[in-house]
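Student: Sharing a structure below in C-alpha coordinates format, with a few things to ask.
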Amino acid sequence: MTNVAARPRGEQMVRRLVRPALWILAFLPIVTIGYSMLFTGLGANPVKEIEHLTGRWAMRFLAASLAVTPVIRLTGWGWLIPQRRFLGLTAFGWACAHLAVYLGLDSVFDISDIVEDVVKRTYITVGMLTFLLLVALALTSTKASIKRMGGKKWQRLHRLVYVAAVTATIHYLWAVKKDTFVPILYFGIFATLLGFRLLWRRGRPPAPARNANT
Amino acid sequence: MLIRRPDDIPSSSITPESVYLNRREFVGAAGALAMGALAVPSALAATSRDRQDLKPTSEDIVTSYNNFYEFGTGKDEPKDQAENFKTIPWTVKIEGMVKTPKTWDLQDLMTGLTIEDRVYRHRCVEAWSMVVPWRGVSMKSFVNKLEPMPSAKYVEFTTLFDPSRMPGQKTRALPWPYVEAYRMDEAQNPLAMMVTGLYGKTLPPQNGAPLRTVMPWKYGFKGCKSIVKIRFTDKQPKTTWNDVRADEYGFYGNVNPAVDHPRWSQAKERVIGGGLLNSKIATLPFNGYADQVASLYAGMDLRVNF
(Lines give C-alpha, C1' and ligand atoms only; values in the text may rest on other atoms or scores of the structure.)
Protein backbone atom coordinates (compact mmCIF):
# COMPACT_ATOMS: atom_id res chain seq x y z
CA MET A 1 0.00 0.00 0.00
CA THR A 2 2.70 2.46 0.95
CA ASN A 3 5.76 2.89 -1.10
CA VAL A 4 8.60 3.97 1.13
CA ALA A 5 11.04 4.34 -1.73
CA ALA A 6 9.20 7.13 -3.46
CA ARG A 7 8.32 9.64 -0.79
CA PRO A 8 5.95 12.26 -2.17
CA ARG A 9 6.73 15.89 -1.67
CA GLY A 10 3.72 16.32 0.64
CA GLU A 11 5.17 13.82 3.05
CA GLN A 12 8.53 15.59 3.04
CA MET A 13 6.81 18.81 3.94
CA VAL A 14 4.79 17.25 6.75
CA ARG A 15 7.95 15.61 8.02
CA ARG A 16 9.75 18.91 8.18
CA LEU A 17 6.91 20.89 9.70
CA VAL A 18 5.41 18.40 12.12
CA ARG A 19 7.57 19.18 15.14
CA PRO A 20 7.37 23.00 14.94
CA ALA A 21 3.61 22.62 14.41
CA LEU A 22 3.30 20.40 17.47
CA TRP A 23 5.30 22.84 19.59
CA ILE A 24 2.88 25.58 18.61
CA LEU A 25 -0.08 23.29 19.28
CA ALA A 26 1.25 22.29 22.69
CA PHE A 27 1.41 25.88 23.85
CA LEU A 28 -1.66 27.11 21.96
CA PRO A 29 -3.93 26.57 25.00
CA ILE A 30 -1.82 29.02 27.00
CA VAL A 31 -2.54 31.64 24.35
CA THR A 32 -6.28 30.89 24.14
CA ILE A 33 -6.78 30.58 27.90
CA GLY A 34 -4.61 33.64 28.54
CA TYR A 35 -6.51 35.61 25.94
CA SER A 36 -9.90 34.86 27.47
CA MET A 37 -8.50 35.47 30.94
CA LEU A 38 -7.41 38.96 29.93
CA PHE A 39 -10.26 39.97 27.65
CA THR A 40 -13.38 38.04 28.57
CA GLY A 41 -12.56 37.18 32.18
CA LEU A 42 -13.32 33.50 31.45
CA GLY A 43 -17.01 34.05 32.06
CA ALA A 44 -18.94 33.89 35.29
CA ASN A 45 -17.12 30.95 36.84
CA PRO A 46 -13.46 31.34 35.82
CA VAL A 47 -12.08 28.68 38.18
CA LYS A 48 -14.33 25.95 36.77
CA GLU A 49 -13.64 27.26 33.29
CA ILE A 50 -9.84 26.96 33.60
CA GLU A 51 -10.23 23.62 35.34
CA HIS A 52 -12.34 22.30 32.48
CA LEU A 53 -10.22 23.86 29.72
CA THR A 54 -6.96 22.35 31.02
CA GLY A 55 -8.64 18.96 31.51
CA ARG A 56 -10.05 19.01 27.99
CA TRP A 57 -6.67 19.85 26.48
CA ALA A 58 -5.08 16.97 28.40
CA MET A 59 -7.72 14.65 26.91
CA ARG A 60 -7.12 15.96 23.40
CA PHE A 61 -3.36 15.49 23.56
CA LEU A 62 -3.77 12.05 25.10
CA ALA A 63 -6.05 11.02 22.23
CA ALA A 64 -3.60 12.55 19.74
CA SER A 65 -0.65 10.62 21.19
CA LEU A 66 -2.62 7.38 20.97
CA ALA A 67 -3.51 8.13 17.36
CA VAL A 68 0.14 8.30 16.26
CA THR A 69 0.77 4.55 15.96
CA PRO A 70 -2.40 3.89 13.91
CA VAL A 71 -1.49 6.82 11.66
CA ILE A 72 1.97 5.33 11.13
CA ARG A 73 0.40 1.97 10.30
CA LEU A 74 -1.92 3.56 7.77
CA THR A 75 0.61 5.87 6.16
CA GLY A 76 3.90 4.11 6.74
CA TRP A 77 5.32 7.36 8.12
CA GLY A 78 7.64 5.73 10.65
CA TRP A 79 9.35 9.06 11.30
CA LEU A 80 6.24 10.10 13.26
CA ILE A 81 7.32 7.88 16.17
CA PRO A 82 9.04 10.61 18.22
CA GLN A 83 5.88 12.72 17.99
CA ARG A 84 4.09 10.09 20.05
CA ARG A 85 6.26 10.84 23.07
CA PHE A 86 6.00 14.58 22.44
CA LEU A 87 2.20 14.45 22.41
CA GLY A 88 2.12 12.14 25.43
CA LEU A 89 4.29 14.50 27.44
CA THR A 90 2.15 17.44 26.32
CA ALA A 91 -0.92 15.58 27.60
CA PHE A 92 0.94 15.03 30.87
CA GLY A 93 1.80 18.73 31.03
CA TRP A 94 -1.84 19.75 30.66
CA ALA A 95 -2.89 17.11 33.19
CA CYS A 96 -0.41 18.75 35.61
CA ALA A 97 -2.00 22.14 34.91
CA HIS A 98 -5.46 20.62 35.43
CA LEU A 99 -4.39 19.15 38.78
CA ALA A 100 -2.71 22.40 39.80
CA VAL A 101 -5.91 24.35 39.12
CA TYR A 102 -7.90 21.84 41.17
CA LEU A 103 -5.46 21.96 44.09
CA GLY A 104 -4.65 25.65 44.05
CA LEU A 105 -7.58 27.61 42.63
CA ASP A 106 -10.50 25.28 43.25
CA SER A 107 -9.58 23.79 46.64
CA VAL A 108 -7.25 26.64 47.71
CA PHE A 109 -4.90 23.94 49.10
CA ASP A 110 -7.47 22.98 51.76
CA ILE A 111 -5.92 19.61 52.60
CA SER A 112 -8.94 18.21 54.46
CA ASP A 113 -11.22 19.10 51.54
CA ILE A 114 -8.82 17.51 49.07
CA VAL A 115 -8.44 14.33 51.11
CA GLU A 116 -12.22 14.08 51.47
CA ASP A 117 -12.61 14.56 47.71
CA VAL A 118 -10.06 11.88 46.86
CA VAL A 119 -11.54 9.41 49.32
CA LYS A 120 -15.25 10.10 48.81
CA ARG A 121 -15.68 11.45 45.29
CA THR A 122 -15.13 8.55 42.95
CA TYR A 123 -14.50 10.77 39.94
CA ILE A 124 -11.69 12.53 41.79
CA THR A 125 -10.26 9.21 42.99
CA VAL A 126 -10.24 8.03 39.39
CA GLY A 127 -8.72 11.34 38.26
CA MET A 128 -5.88 10.99 40.75
CA LEU A 129 -5.29 7.41 39.66
CA THR A 130 -5.07 8.62 36.07
CA PHE A 131 -2.56 11.24 37.08
CA LEU A 132 -0.37 8.65 38.86
CA LEU A 133 -0.39 6.49 35.73
CA LEU A 134 0.64 9.47 33.63
CA VAL A 135 3.45 10.26 36.09
CA ALA A 136 4.78 6.71 35.73
CA LEU A 137 4.63 6.97 31.94
CA ALA A 138 6.22 10.42 31.85
CA LEU A 139 9.06 9.39 34.15
CA THR A 140 9.87 6.38 31.95
CA SER A 141 9.46 8.23 28.66
CA THR A 142 13.18 8.79 28.13
CA LYS A 143 15.40 6.83 25.76
CA ALA A 144 17.50 5.89 28.78
CA SER A 145 14.47 4.24 30.36
CA ILE A 146 13.78 2.19 27.26
CA LYS A 147 17.39 1.02 27.28
CA ARG A 148 17.39 0.29 30.99
CA MET A 149 14.09 -1.60 30.99
CA GLY A 150 14.47 -3.31 27.67
CA GLY A 151 12.09 -2.69 24.77
CA LYS A 152 9.62 -5.43 25.63
CA LYS A 153 9.24 -4.60 29.28
CA TRP A 154 9.07 -0.90 28.51
CA GLN A 155 6.39 -1.48 25.93
CA ARG A 156 4.36 -3.55 28.33
CA LEU A 157 4.54 -0.77 30.91
CA HIS A 158 3.55 1.84 28.36
CA ARG A 159 0.44 -0.08 27.37
CA LEU A 160 -0.82 1.42 30.64
CA VAL A 161 -1.57 4.49 28.55
CA TYR A 162 -4.76 2.71 27.51
CA VAL A 163 -5.69 2.21 31.13
CA ALA A 164 -5.02 5.92 31.67
CA ALA A 165 -7.20 6.79 28.66
CA VAL A 166 -10.07 4.76 30.07
CA THR A 167 -9.75 6.10 33.63
CA ALA A 168 -9.42 9.67 32.31
CA THR A 169 -12.64 9.22 30.35
CA ILE A 170 -14.44 7.75 33.38
CA HIS A 171 -13.22 10.75 35.39
CA TYR A 172 -14.66 13.05 32.72
CA LEU A 173 -17.94 11.12 32.46
CA TRP A 174 -18.56 11.11 36.21
CA ALA A 175 -17.72 14.79 36.56
CA VAL A 176 -20.45 16.02 34.21
CA LYS A 177 -24.08 16.29 35.24
CA LYS A 178 -25.91 15.05 32.20
CA ASP A 179 -24.13 16.26 29.06
CA THR A 180 -22.27 13.01 28.54
CA PHE A 181 -21.81 13.37 24.78
CA VAL A 182 -18.12 14.33 24.75
CA PRO A 183 -16.96 11.79 27.36
CA ILE A 184 -18.79 9.05 25.47
CA LEU A 185 -17.21 10.31 22.25
CA TYR A 186 -13.80 9.81 23.89
CA PHE A 187 -14.75 6.24 24.79
CA GLY A 188 -15.53 5.74 21.12
CA ILE A 189 -12.23 7.28 20.00
CA PHE A 190 -10.14 5.22 22.40
CA ALA A 191 -12.06 2.04 21.60
CA THR A 192 -11.46 2.63 17.87
CA LEU A 193 -7.74 3.28 18.38
CA LEU A 194 -7.37 0.20 20.58
CA GLY A 195 -9.47 -1.81 18.15
CA PHE A 196 -7.09 -0.94 15.31
CA ARG A 197 -4.16 -2.28 17.27
CA LEU A 198 -5.90 -5.46 18.31
CA LEU A 199 -6.94 -6.11 14.70
CA TRP A 200 -3.40 -5.61 13.46
CA ARG A 201 -2.05 -7.88 16.12
CA ARG A 202 -4.46 -10.62 15.18
CA GLY A 203 -4.25 -10.15 11.44
CA ARG A 204 -0.48 -10.10 11.11
CA PRO A 205 2.30 -12.30 12.31
CA PRO A 206 4.56 -10.62 14.85
CA ALA A 207 6.29 -7.83 13.00
CA PRO A 208 9.88 -8.58 12.07
CA ALA A 209 12.42 -6.47 13.92
CA ARG A 210 12.52 -3.86 11.20
CA ASN A 211 11.49 -1.19 13.64
CA ALA A 212 12.29 -1.44 17.32
CA ASN A 213 9.57 0.96 18.28
CA THR A 214 6.35 -0.44 16.83
CA MET B 1 -46.43 49.33 40.35
CA LEU B 2 -46.77 48.59 44.01
CA ILE B 3 -43.74 47.17 45.78
CA ARG B 4 -45.02 45.46 48.84
CA ARG B 5 -43.15 43.52 51.46
CA PRO B 6 -45.23 41.00 53.34
CA ASP B 7 -44.69 41.17 57.07
CA ASP B 8 -43.98 37.48 57.29
CA ILE B 9 -40.80 37.69 55.24
CA PRO B 10 -37.98 38.68 57.54
CA SER B 11 -35.98 41.61 56.35
CA SER B 12 -32.89 39.39 56.25
CA SER B 13 -34.23 37.66 53.17
CA ILE B 14 -34.94 40.91 51.40
CA THR B 15 -32.27 43.28 50.19
CA PRO B 16 -32.17 46.47 52.19
CA GLU B 17 -33.90 49.12 50.17
CA SER B 18 -30.78 51.25 50.12
CA VAL B 19 -28.88 48.44 48.42
CA TYR B 20 -31.67 47.79 45.98
CA LEU B 21 -32.04 51.46 45.12
CA ASN B 22 -28.30 51.60 44.56
CA ARG B 23 -28.39 48.44 42.48
CA ARG B 24 -27.04 50.24 39.47
CA GLU B 25 -23.76 50.32 41.32
CA PHE B 26 -23.68 46.59 40.92
CA VAL B 27 -24.66 46.48 37.30
CA GLY B 28 -21.65 45.71 35.20
CA ALA B 29 -18.01 45.91 36.06
CA ALA B 30 -17.68 49.14 34.08
CA GLY B 31 -19.80 50.97 36.60
CA ALA B 32 -17.79 49.56 39.47
CA LEU B 33 -14.55 50.54 37.81
CA ALA B 34 -15.85 54.01 37.10
CA MET B 35 -16.67 54.39 40.76
CA GLY B 36 -12.94 54.16 41.37
CA ALA B 37 -11.99 55.34 44.82
CA LEU B 38 -15.62 55.75 45.81
CA ALA B 39 -16.07 52.01 45.44
CA VAL B 40 -13.88 51.15 48.43
CA PRO B 41 -16.77 50.36 50.80
CA SER B 42 -18.48 48.13 48.24
CA ALA B 43 -15.16 46.45 47.46
CA LEU B 44 -14.92 45.55 51.13
CA ALA B 45 -18.45 44.24 51.04
CA ALA B 46 -17.54 42.08 48.07
CA THR B 47 -14.98 40.15 50.09
CA SER B 48 -17.26 39.75 53.09
CA ARG B 49 -18.32 36.21 53.93
CA ASP B 50 -21.38 37.40 55.77
CA ARG B 51 -24.24 35.43 54.29
CA GLN B 52 -26.71 38.17 55.15
CA ASP B 53 -24.84 40.41 52.75
CA LEU B 54 -27.07 39.95 49.73
CA LYS B 55 -25.05 41.67 47.07
CA PRO B 56 -26.82 40.93 43.79
CA THR B 57 -24.78 39.14 41.17
CA SER B 58 -24.28 41.40 38.16
CA GLU B 59 -27.16 41.45 35.69
CA ASP B 60 -24.77 40.51 32.93
CA ILE B 61 -23.81 37.28 34.71
CA VAL B 62 -27.34 36.41 35.87
CA THR B 63 -28.51 36.61 32.26
CA SER B 64 -25.55 34.80 30.66
CA TYR B 65 -24.75 31.92 33.05
CA ASN B 66 -27.83 29.74 32.82
CA ASN B 67 -28.78 26.10 33.22
CA PHE B 68 -31.72 25.88 30.83
CA TYR B 69 -31.23 22.71 28.80
CA GLU B 70 -34.18 23.59 26.54
CA PHE B 71 -31.75 26.11 25.00
CA GLY B 72 -28.58 23.98 25.20
CA THR B 73 -26.59 22.30 27.96
CA GLY B 74 -23.75 24.85 28.02
CA LYS B 75 -24.23 27.66 30.53
CA ASP B 76 -23.54 30.30 27.88
CA GLU B 77 -25.88 28.73 25.30
CA PRO B 78 -29.34 29.79 26.55
CA LYS B 79 -28.58 33.49 26.12
CA ASP B 80 -27.84 33.03 22.42
CA GLN B 81 -30.29 30.23 21.66
CA ALA B 82 -33.23 31.96 23.39
CA GLU B 83 -32.61 35.33 21.82
CA ASN B 84 -35.68 35.29 19.58
CA PHE B 85 -37.92 33.25 21.86
CA LYS B 86 -41.42 34.74 21.67
CA THR B 87 -43.34 34.92 24.95
CA ILE B 88 -46.31 36.94 23.70
CA PRO B 89 -48.96 35.63 23.43
CA TRP B 90 -48.61 33.05 26.21
CA THR B 91 -51.23 30.82 27.74
CA VAL B 92 -51.11 28.62 30.81
CA LYS B 93 -53.36 25.59 31.14
CA ILE B 94 -54.68 24.94 34.63
CA GLU B 95 -55.89 21.42 35.27
CA GLY B 96 -56.42 18.68 37.84
CA MET B 97 -57.90 19.22 41.29
CA VAL B 98 -58.98 22.77 40.78
CA LYS B 99 -62.37 24.46 40.93
CA THR B 100 -62.38 25.54 37.28
CA PRO B 101 -59.88 23.92 34.94
CA LYS B 102 -59.18 26.37 32.13
CA THR B 103 -56.55 27.88 29.90
CA TRP B 104 -55.58 31.35 30.96
CA ASP B 105 -53.93 34.12 29.06
CA LEU B 106 -50.83 34.92 31.11
CA GLN B 107 -51.83 38.56 31.53
CA ASP B 108 -55.22 37.62 32.95
CA LEU B 109 -53.53 35.15 35.23
CA MET B 110 -51.38 37.87 36.78
CA THR B 111 -54.15 40.49 37.02
CA GLY B 112 -54.96 41.50 40.56
CA LEU B 113 -51.79 40.02 42.04
CA THR B 114 -49.21 42.23 43.74
CA ILE B 115 -45.88 42.49 41.94
CA GLU B 116 -42.94 42.51 44.33
CA ASP B 117 -39.17 42.76 44.00
CA ARG B 118 -37.28 40.28 46.15
CA VAL B 119 -33.58 39.50 46.34
CA TYR B 120 -32.90 35.82 46.94
CA ARG B 121 -29.86 33.61 47.16
CA HIS B 122 -29.83 31.07 44.34
CA ARG B 123 -27.93 27.83 44.99
CA CYS B 124 -27.36 25.38 42.15
CA VAL B 125 -27.05 21.65 42.83
CA GLU B 126 -23.70 21.95 41.01
CA ALA B 127 -22.31 23.82 44.06
CA TRP B 128 -22.32 27.36 42.74
CA SER B 129 -24.49 30.25 43.83
CA MET B 130 -25.71 33.72 42.88
CA VAL B 131 -27.84 36.43 44.42
CA VAL B 132 -30.74 37.41 42.17
CA PRO B 133 -33.18 40.33 42.36
CA TRP B 134 -36.36 38.68 41.14
CA ARG B 135 -39.67 40.36 40.31
CA GLY B 136 -42.94 38.52 40.56
CA VAL B 137 -45.83 37.55 42.80
CA SER B 138 -46.03 35.31 45.83
CA MET B 139 -46.81 31.77 44.79
CA LYS B 140 -49.35 31.62 47.57
CA SER B 141 -51.47 34.43 46.12
CA PHE B 142 -51.06 32.95 42.64
CA VAL B 143 -52.12 29.46 43.71
CA ASN B 144 -55.05 30.79 45.76
CA LYS B 145 -56.34 32.66 42.73
CA LEU B 146 -56.56 29.34 40.87
CA GLU B 147 -58.75 27.90 43.64
CA PRO B 148 -57.33 24.39 44.08
CA MET B 149 -59.52 21.84 45.83
CA PRO B 150 -58.73 21.19 49.50
CA SER B 151 -57.87 17.60 48.51
CA ALA B 152 -54.95 18.80 46.30
CA LYS B 153 -51.65 17.94 47.97
CA TYR B 154 -49.18 18.83 45.21
CA VAL B 155 -48.86 21.42 42.49
CA GLU B 156 -47.05 20.47 39.31
CA PHE B 157 -45.51 22.86 36.75
CA THR B 158 -44.66 21.97 33.16
CA THR B 159 -42.34 23.81 30.77
CA LEU B 160 -43.27 24.45 27.14
CA PHE B 161 -42.44 21.60 24.76
CA ASP B 162 -41.75 22.98 21.30
CA PRO B 163 -38.45 21.86 19.74
CA SER B 164 -38.87 24.41 16.94
CA ARG B 165 -38.65 27.21 19.51
CA MET B 166 -36.52 25.44 22.10
CA PRO B 167 -33.69 23.88 20.08
CA GLY B 168 -32.28 21.99 23.06
CA GLN B 169 -35.41 19.84 22.97
CA LYS B 170 -34.23 18.39 19.65
CA THR B 171 -31.62 16.52 21.70
CA ARG B 172 -32.27 13.93 24.37
CA ALA B 173 -30.45 15.87 27.07
CA LEU B 174 -33.49 15.35 29.32
CA PRO B 175 -36.88 13.67 28.91
CA TRP B 176 -39.08 16.56 27.73
CA PRO B 177 -41.05 18.45 28.80
CA TYR B 178 -39.42 19.55 32.05
CA VAL B 179 -41.68 19.00 35.05
CA GLU B 180 -41.27 20.23 38.62
CA ALA B 181 -43.63 19.98 41.58
CA TYR B 182 -43.99 21.01 45.20
CA ARG B 183 -46.16 20.07 48.11
CA MET B 184 -49.03 22.53 48.54
CA ASP B 185 -47.64 23.74 51.87
CA GLU B 186 -44.29 24.44 50.18
CA ALA B 187 -46.03 26.32 47.38
CA GLN B 188 -47.88 28.38 49.97
CA ASN B 189 -44.78 29.29 51.96
CA PRO B 190 -44.32 33.08 51.83
CA LEU B 191 -40.86 32.70 50.25
CA ALA B 192 -42.16 30.82 47.19
CA MET B 193 -42.48 33.00 44.12
CA MET B 194 -43.96 33.04 40.63
CA VAL B 195 -41.42 35.13 38.76
CA THR B 196 -42.01 37.31 35.71
CA GLY B 197 -39.08 39.70 36.03
CA LEU B 198 -35.44 40.18 36.90
CA TYR B 199 -33.49 43.27 37.89
CA GLY B 200 -36.69 45.31 37.71
CA LYS B 201 -37.30 44.34 34.09
CA THR B 202 -39.24 41.73 32.17
CA LEU B 203 -37.75 38.26 32.64
CA PRO B 204 -35.30 37.45 29.80
CA PRO B 205 -36.04 34.18 27.95
CA GLN B 206 -32.79 32.55 29.10
CA ASN B 207 -33.96 32.96 32.70
CA GLY B 208 -37.29 31.24 32.10
CA ALA B 209 -39.61 33.83 30.55
CA PRO B 210 -42.40 34.58 30.69
CA LEU B 211 -43.24 32.73 33.91
CA ARG B 212 -41.10 30.60 36.23
CA THR B 213 -41.06 29.39 39.80
CA VAL B 214 -38.45 30.38 42.39
CA MET B 215 -38.05 28.42 45.63
CA PRO B 216 -34.98 30.00 47.23
CA TRP B 217 -34.42 27.23 49.81
CA LYS B 218 -34.25 24.56 47.12
CA TYR B 219 -31.57 23.79 44.54
CA GLY B 220 -32.02 25.65 41.28
CA PHE B 221 -33.19 22.57 39.34
CA LYS B 222 -36.40 22.66 41.39
CA GLY B 223 -37.37 25.82 39.52
CA CYS B 224 -39.61 25.33 36.50
CA LYS B 225 -39.20 27.77 33.60
CA SER B 226 -41.39 28.96 30.70
CA ILE B 227 -44.46 27.38 32.32
CA VAL B 228 -47.40 26.38 30.10
CA LYS B 229 -49.24 23.98 32.40
CA ILE B 230 -50.09 23.84 36.09
CA ARG B 231 -51.75 20.76 37.54
CA PHE B 232 -53.05 20.15 41.06
CA THR B 233 -52.99 16.57 42.29
CA ASP B 234 -53.09 14.43 45.42
CA LYS B 235 -50.26 12.13 44.29
CA GLN B 236 -46.58 13.09 44.29
CA PRO B 237 -45.84 13.96 40.64
CA LYS B 238 -42.94 12.55 38.67
CA THR B 239 -40.39 15.37 38.38
CA THR B 240 -37.69 15.58 35.73
CA TRP B 241 -34.30 15.31 37.46
CA ASN B 242 -35.68 12.97 40.10
CA ASP B 243 -36.98 10.79 37.29
CA VAL B 244 -33.62 10.85 35.45
CA ARG B 245 -31.37 10.08 38.44
CA ALA B 246 -33.33 9.43 41.61
CA ASP B 247 -30.15 8.65 43.57
CA GLU B 248 -28.69 12.07 42.78
CA TYR B 249 -31.69 14.41 42.68
CA GLY B 250 -34.43 14.05 45.25
CA PHE B 251 -38.04 15.17 44.92
CA TYR B 252 -37.50 17.83 47.59
CA GLY B 253 -34.16 19.20 46.38
CA ASN B 254 -33.75 21.27 49.54
CA VAL B 255 -30.33 22.89 49.93
CA ASN B 256 -28.53 20.83 52.56
CA PRO B 257 -24.77 21.03 53.23
CA ALA B 258 -25.00 17.82 55.30
CA VAL B 259 -26.27 15.66 52.44
CA ASP B 260 -23.74 15.44 49.64
CA HIS B 261 -24.56 14.80 46.03
CA PRO B 262 -23.36 11.22 45.42
CA ARG B 263 -20.58 12.55 43.21
CA TRP B 264 -19.64 15.83 44.87
CA SER B 265 -19.80 17.73 48.15
CA GLN B 266 -22.61 20.16 48.94
CA ALA B 267 -20.84 21.62 51.98
CA LYS B 268 -19.50 24.65 50.13
CA GLU B 269 -20.44 26.74 47.15
CA ARG B 270 -18.62 28.95 44.69
CA VAL B 271 -20.13 32.43 44.46
CA ILE B 272 -20.43 33.25 40.79
CA GLY B 273 -18.89 36.50 39.66
CA GLY B 274 -16.25 36.46 42.37
CA GLY B 275 -13.31 36.10 40.01
CA LEU B 276 -10.41 33.72 39.77
CA LEU B 277 -9.05 33.96 43.30
CA ASN B 278 -12.38 33.87 45.10
CA SER B 279 -12.58 30.82 47.36
CA LYS B 280 -15.76 28.95 48.18
CA ILE B 281 -18.10 29.80 51.05
CA ALA B 282 -20.00 27.47 53.36
CA THR B 283 -23.47 26.41 52.21
CA LEU B 284 -26.22 26.97 54.76
CA PRO B 285 -29.11 24.58 55.55
CA PHE B 286 -32.12 25.49 53.39
CA ASN B 287 -29.82 28.00 51.69
CA GLY B 288 -30.00 30.29 54.72
CA TYR B 289 -33.82 30.27 54.88
CA ALA B 290 -34.13 27.62 57.61
CA ASP B 291 -36.05 29.95 59.92
CA GLN B 292 -38.80 30.33 57.35
CA VAL B 293 -39.03 26.81 55.91
CA ALA B 294 -37.45 24.19 58.22
CA SER B 295 -40.82 23.62 59.96
CA LEU B 296 -42.25 22.34 56.65
CA TYR B 297 -40.05 19.28 57.03
CA ALA B 298 -40.33 18.73 60.79
CA GLY B 299 -40.01 15.05 61.63
CA MET B 300 -38.77 14.09 58.17
CA ASP B 301 -35.43 12.36 57.67
CA LEU B 302 -33.71 14.79 55.32
CA ARG B 303 -31.12 12.14 54.36
CA VAL B 304 -33.92 10.04 52.91
CA ASN B 305 -36.08 12.92 51.66
CA PHE B 306 -33.24 14.92 50.08
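Residues are referred to by chain and number: the chain letter is A, B, ... according to the order shown in the C-alpha coordinates, the number counts from 1 in that chain, and ligands are numbered separately from 1 in the order shown.
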Write down as a ChimeraX atom specification the residues belonging to stretch 21-221 of chain B that are assigned strand (DSSP E) by DSSP computed on the backbone.

Tutor: /B:91-96,102-105,116-123,128-138,154-159,179-183,193-198,201-202,212-214

Student: Taking only C-alpha atoms into account, what are the residues of chain A at most 10 Å from chain B, put as a PyMOL selection string?

Tutor: chain A and resi 37+41-50+104-108+113+116-117+120-124+174-181

Student: Could you pull out the alpha helix (DSSP H) residues of stretch 113-142 of chain B, going by DSSP on the backbone, and write them as a list in words?

Tutor: Met139, Lys140, Ser141 and Phe142 of chain B

Student: So that I have them on file, write out the residues from the current selection with N, CA and C atoms, as a tab-separated table (two decimals), in the first residue's frame.

Tutor:
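File written: again.tsv
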```tsv
chain	number	residue	atom	x	y	z
B	139	MET	N	-46.18	32.96	45.35
B	139	MET	CA	-46.81	31.77	44.79
B	139	MET	C	-48.12	31.48	45.51
B	140	LYS	N	-48.15	31.86	46.78
B	140	LYS	CA	-49.35	31.62	47.57
B	140	LYS	C	-50.55	32.36	46.97
B	141	SER	N	-50.36	33.65	46.68
B	141	SER	CA	-51.47	34.43	46.12
B	141	SER	C	-51.86	33.90	44.74
B	142	PHE	N	-50.85	33.47	43.99
B	142	PHE	CA	-51.06	32.95	42.64
B	142	PHE	C	-51.87	31.66	42.69
```

Student: Could you give me, as a list of chain:residue names, the residues within 10 Å of A:Ile72, counting only C-alpha atoms and dropping anything in the same chain fewer than 6 positions from it?

Tutor: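 Listing them by chain and then by number gives A:Gly78, A:Trp79, A:Leu80, A:Ile81, A:Thr214.
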
Student: Please, could you write that set of residues out with N, CA and C atoms as a CSV table (one decimal), in the first residue's frame?

Tutor:
```
chain,number,residue,atom,x,y,z
A,78,GLY,N,7.0,6.2,9.4
A,78,GLY,CA,7.6,5.7,10.7
A,78,GLY,C,8.3,6.9,11.4
A,79,TRP,N,8.7,7.9,10.7
A,79,TRP,CA,9.4,9.1,11.3
A,79,TRP,C,8.4,9.8,12.3
A,80,LEU,N,7.2,9.4,12.3
A,80,LEU,CA,6.2,10.1,13.3
A,80,LEU,C,6.5,9.6,14.7
A,81,ILE,N,7.2,8.5,14.8
A,81,ILE,CA,7.3,7.9,16.2
A,81,ILE,C,7.7,8.9,17.3
A,214,THR,N,7.8,-0.2,17.1
A,214,THR,CA,6.4,-0.4,16.8
A,214,THR,C,5.6,-1.1,18.0
```

Student: Report as a list in words all protein, DNA and RNA residues lying within 9 Å of stretch 103-115 of chain B, evaluated on only C-alpha atoms, omitting residues in the same chain fewer than 6 positions from it.

Tutor: Met1, Leu2, Ile3, Arg4, Ile88, Pro89, Trp90, Thr91, Val92, Lys93, Ile94, Glu95, Arg135, Gly136, Val137, Ser138, Ser141, Phe142, Lys145, Leu146, Thr196, Pro210, Leu211 and Lys229 of chain B

Student: Could you list, as a ChimeraX atom specification, every residue within 8 Å of A:Gly127, counting only C-alpha atoms and ignoring same-chain residues fewer than 2 positions away?

Tutor: /A:123-125,129-131,167-168,171

Student: Which of these, B:Pro237, B:Gly208, B:Gly299, B:Gly168, has the shortest distance to B:Lys225 once you count only C-alpha atoms?

Tutor: B:Gly208

Student: Give me, as a list in words, all polymer residues having an atom no more than 9 Å from stretch 186-195 of chain A, counting only C-alpha atoms and skipping those fewer than 3 positions away in the same chain.

Tutor: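 Here the answer would be Met59, Ala63, Leu66, Ala67, Thr69, Pro70, Tyr162, Ala165, Val166, Thr169, Ile170, Phe181, Val182, Pro183, Leu198, Leu199 and Trp200 of chain A.
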
Student: Considering only C-alpha atoms, can you say which of B:Ala290, B:Leu284, B:Val179, B:Ala258 comes closest to B:Asp243?

Tutor: B:Val179
